[in-house]
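The next block holds one structure in the form of structure tokens; read it before the comments.
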Amino acid sequence: MIIMNPVVHFEMPAEDRRRMAAFYEKAFGWKTQQLGPEMGNYVLATTTETDENQMVKKPGTINGGFFQKTEPDQHSRITIAVENIREAMKNVEKAGGKVLGGMQKPGHPDEIPGVGLYATFIDTEGNRVSMLQPINR
């Protein structure tokens with residue numbers, strides 16, 4: 001039986017992360033948090049209430065973030081939660097996708113401290129998608 005893996009996170013590129021954060025705060029009431037250089041100056045976007053482990057309280061909702069846009073063709077992407085990231089990476093390849101892996105070591109997942117293992121892939125239609133094996137799963 002195939003287990004359905006849910007979308008748990010979104011990411012959007014931003015030329016000006018502060019401007020983008022201010023827009024979503026004003027337009028939709030989101031809360032944002034600018035992270036430091038050790039986390040790539042990423043901006044967390046909270047779109048729904050979370051518990052003490054930063055997990056959403058309301059089923060079917062997700063949070064996300066903004067990353068620095070470095071190329072003109074960068075696009076928004078989603079993150080899919082998986083039970084076993086190495087197995088999921090193999091499944092992506094078997095299904096016709098291309099695993100990119102993490103930023104630190106291509107073909108291998110990165111560890112995000114306090115969050116879990118993270119990797120990216122390209123699907124059969126050229127979309128860049130991320131997957132995450134959360135620590136608490």
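Labels for the structure tokens follow display order: chains A, B, ..., residues from 1 in each chain, ligands from 1.
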Proximity check region 49-91 of chain A to region 110-117 of chain A, 12 Å, nearest pairs one decimal Å, only C-alpha atoms, as a Markdown table:
```
| residue | atom | partner | partner_atom | distance |
| --- | --- | --- | --- | --- |
| A:Asn53 | CA | A:Val115 | CA | 9.5 |
| A:Gln54 | CA | A:Val115 | CA | 9.5 |
| A:Met55 | CA | A:Val115 | CA | 10.5 |
| A:Thr79 | CA | A:Leu117 | CA | 11.7 |
| A:Ile80 | CA | A:Leu117 | CA | 11.7 |
| A:Ala81 | CA | A:Leu117 | CA | 10.0 |
| A:Val82 | CA | A:Leu117 | CA | 9.7 |
| A:Glu83 | CA | A:Leu117 | CA | 10.4 |
| A:Asn84 | CA | A:Leu117 | CA | 9.2 |
| A:Ile85 | CA | A:Leu117 | CA | 7.1 |
| A:Arg86 | CA | A:Leu117 | CA | 9.4 |
| A:Ala88 | CA | A:Leu117 | CA | 11.6 |
| A:Met89 | CA | A:Leu117 | CA | 11.6 |
```
Write out the residues from the selection above, keeping C-alpha atoms, as a PDB file, in the first residue's frame.
```pdb
ATOM      1  CA  ASN A  53       6.806  22.086  18.316  1.00  0.00           C
ATOM      2  CA  GLN A  54       5.941  24.586  15.546  1.00  0.00           C
ATOM      3  CA  MET A  55       3.497  22.090  14.012  1.00  0.00           C
ATOM      4  CA  THR A  79       7.625  20.688   0.523  1.00  0.00           C
ATOM      5  CA  ILE A  80       6.243  17.179   0.999  1.00  0.00           C
ATOM      6  CA  ALA A  81       6.651  15.365   4.336  1.00  0.00           C
ATOM      7  CA  VAL A  82       8.002  11.816   4.045  1.00  0.00           C
ATOM      8  CA  GLU A  83       8.608   9.019   6.540  1.00  0.00           C
ATOM      9  CA  ASN A  84      12.026   8.046   5.156  1.00  0.00           C
ATOM     10  CA  ILE A  85      13.790  10.602   2.972  1.00  0.00           C
ATOM     11  CA  ARG A  86      16.319   8.172   1.482  1.00  0.00           C
ATOM     12  CA  ALA A  88      11.544   8.759  -0.964  1.00  0.00           C
ATOM     13  CA  MET A  89      14.590   9.881  -2.963  1.00  0.00           C
TER      14      MET A  89
END
```
Practice task
Check the DSSP output for the backbone and give back, as a ChimeraX atom specification, the residues of region 16-49 of chain A in alpha helix (DSSP H).
Solution key: /A:17-28
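Across the model, the gap from CA of Asn136 (chain A) to CA of Asn91 (chain A) is 21.9 Å.
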Problem - Residues near Leu44 (chain A), cut-off 9 Å, only C-alpha atoms, skip fewer than 6 positions along chain, as a list in words - result: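 Contacts, in chain order: Ala21, Lys31, Thr32, Gln33, Gln34, Leu35, Asn63, Gly64, Gly65 and Phe66 of chain A.
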Exercise for the section: Enumerate the residues of chain A with a DSSP assignment of strand (DSSP E), computed from the backbone, and present them as a PyMOL selection string. Expected result: chain A and resi 7-14+31-34+43-46+63-68+77-81+98-101+110-112+116-122+128-134
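Of the residues under consideration (A:Val99, A:Val92, A:Asp123, A:Ile78), A:Ile78 shows the shortest atom-to-atom contact distance to Ile62 (chain A) when counting only C-alpha atoms.
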Practice task
Just the residues within 10 Å of Gly60 (chain A), please, counting only C-alpha atoms, with nothing from its chain fewer than 2 positions along; format it as a list in words.
Solution key: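 The contact residues come out as Pro6, Val7, Val8, Val56, Lys57, Lys58 and Ile62 of chain A.
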Handout entry: Pairwise distance for CA of Pro13 (chain A) and CA of Thr70 (chain A), rounded to one decimal in Å
Key =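 That distance, rounded to one decimal, is 8.3 Å.
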Fill in the blank from the handout: Counting only C-alpha atoms, closest pick from A:Val129, A:Ile2, A:Ala14, A:Val43 relative to Gly97 (chain A) is A:Val129
Exercise for the section: Name the residues in contact with region 24-26 of chain A at a cut-off of 10 Å, using only C-alpha atoms, excluding same-chain residues fewer than 4 positions from it; report them as a PyMOL selection string. Expected result: chain A and resi 19-20+30-32+45-47
Now that the selection is made, can you save its residues with N, CA and C atoms as an mmCIF file, in the first residue's frame?
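This went into out-v3.cif:
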```cif
data_model
loop_
_atom_site.group_PDB
_atom_site.id
_atom_site.type_symbol
_atom_site.label_atom_id
_atom_site.label_comp_id
_atom_site.auth_asym_id
_atom_site.auth_seq_id
_atom_site.Cartn_x
_atom_site.Cartn_y
_atom_site.Cartn_z
ATOM 1 N N ARG A 19 10.374 43.435 2.075
ATOM 2 C CA ARG A 19 9.201 43.958 1.366
ATOM 3 C C ARG A 19 8.145 42.874 1.207
ATOM 4 N N MET A 20 8.581 41.675 0.839
ATOM 5 C CA MET A 20 7.636 40.578 0.649
ATOM 6 C C MET A 20 6.960 40.218 1.975
ATOM 7 N N TRP A 30 -0.286 37.366 7.967
ATOM 8 C CA TRP A 30 0.739 36.381 8.298
ATOM 9 C C TRP A 30 1.751 36.996 9.259
ATOM 10 N N LYS A 31 2.413 36.155 10.037
ATOM 11 C CA LYS A 31 3.514 36.583 10.890
ATOM 12 C C LYS A 31 4.797 36.100 10.228
ATOM 13 N N THR A 32 5.825 36.933 10.247
ATOM 14 C CA THR A 32 7.095 36.540 9.629
ATOM 15 C C THR A 32 8.228 36.691 10.628
ATOM 16 N N ALA A 45 7.396 32.178 7.387
ATOM 17 C CA ALA A 45 6.060 32.763 7.250
ATOM 18 C C ALA A 45 5.067 31.863 7.978
ATOM 19 N N THR A 46 4.452 32.404 9.021
ATOM 20 C CA THR A 46 3.447 31.661 9.776
ATOM 21 C C THR A 46 2.073 32.102 9.295
ATOM 22 N N THR A 47 1.337 31.167 8.707
ATOM 23 C CA THR A 47 0.023 31.474 8.152
ATOM 24 C C THR A 47 -1.108 30.916 9.006
#
```
Problem - Which of A:Ser76, A:Met39, A:Asp51, A:Gln68 sits closest to Asp16 (chain A) [using only C-alpha atoms] - result: A:Gln68
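Rounded to one decimal, CA of Gly29 (chain A) and CA of Leu132 (chain A) lie 26.2 Å from each other.
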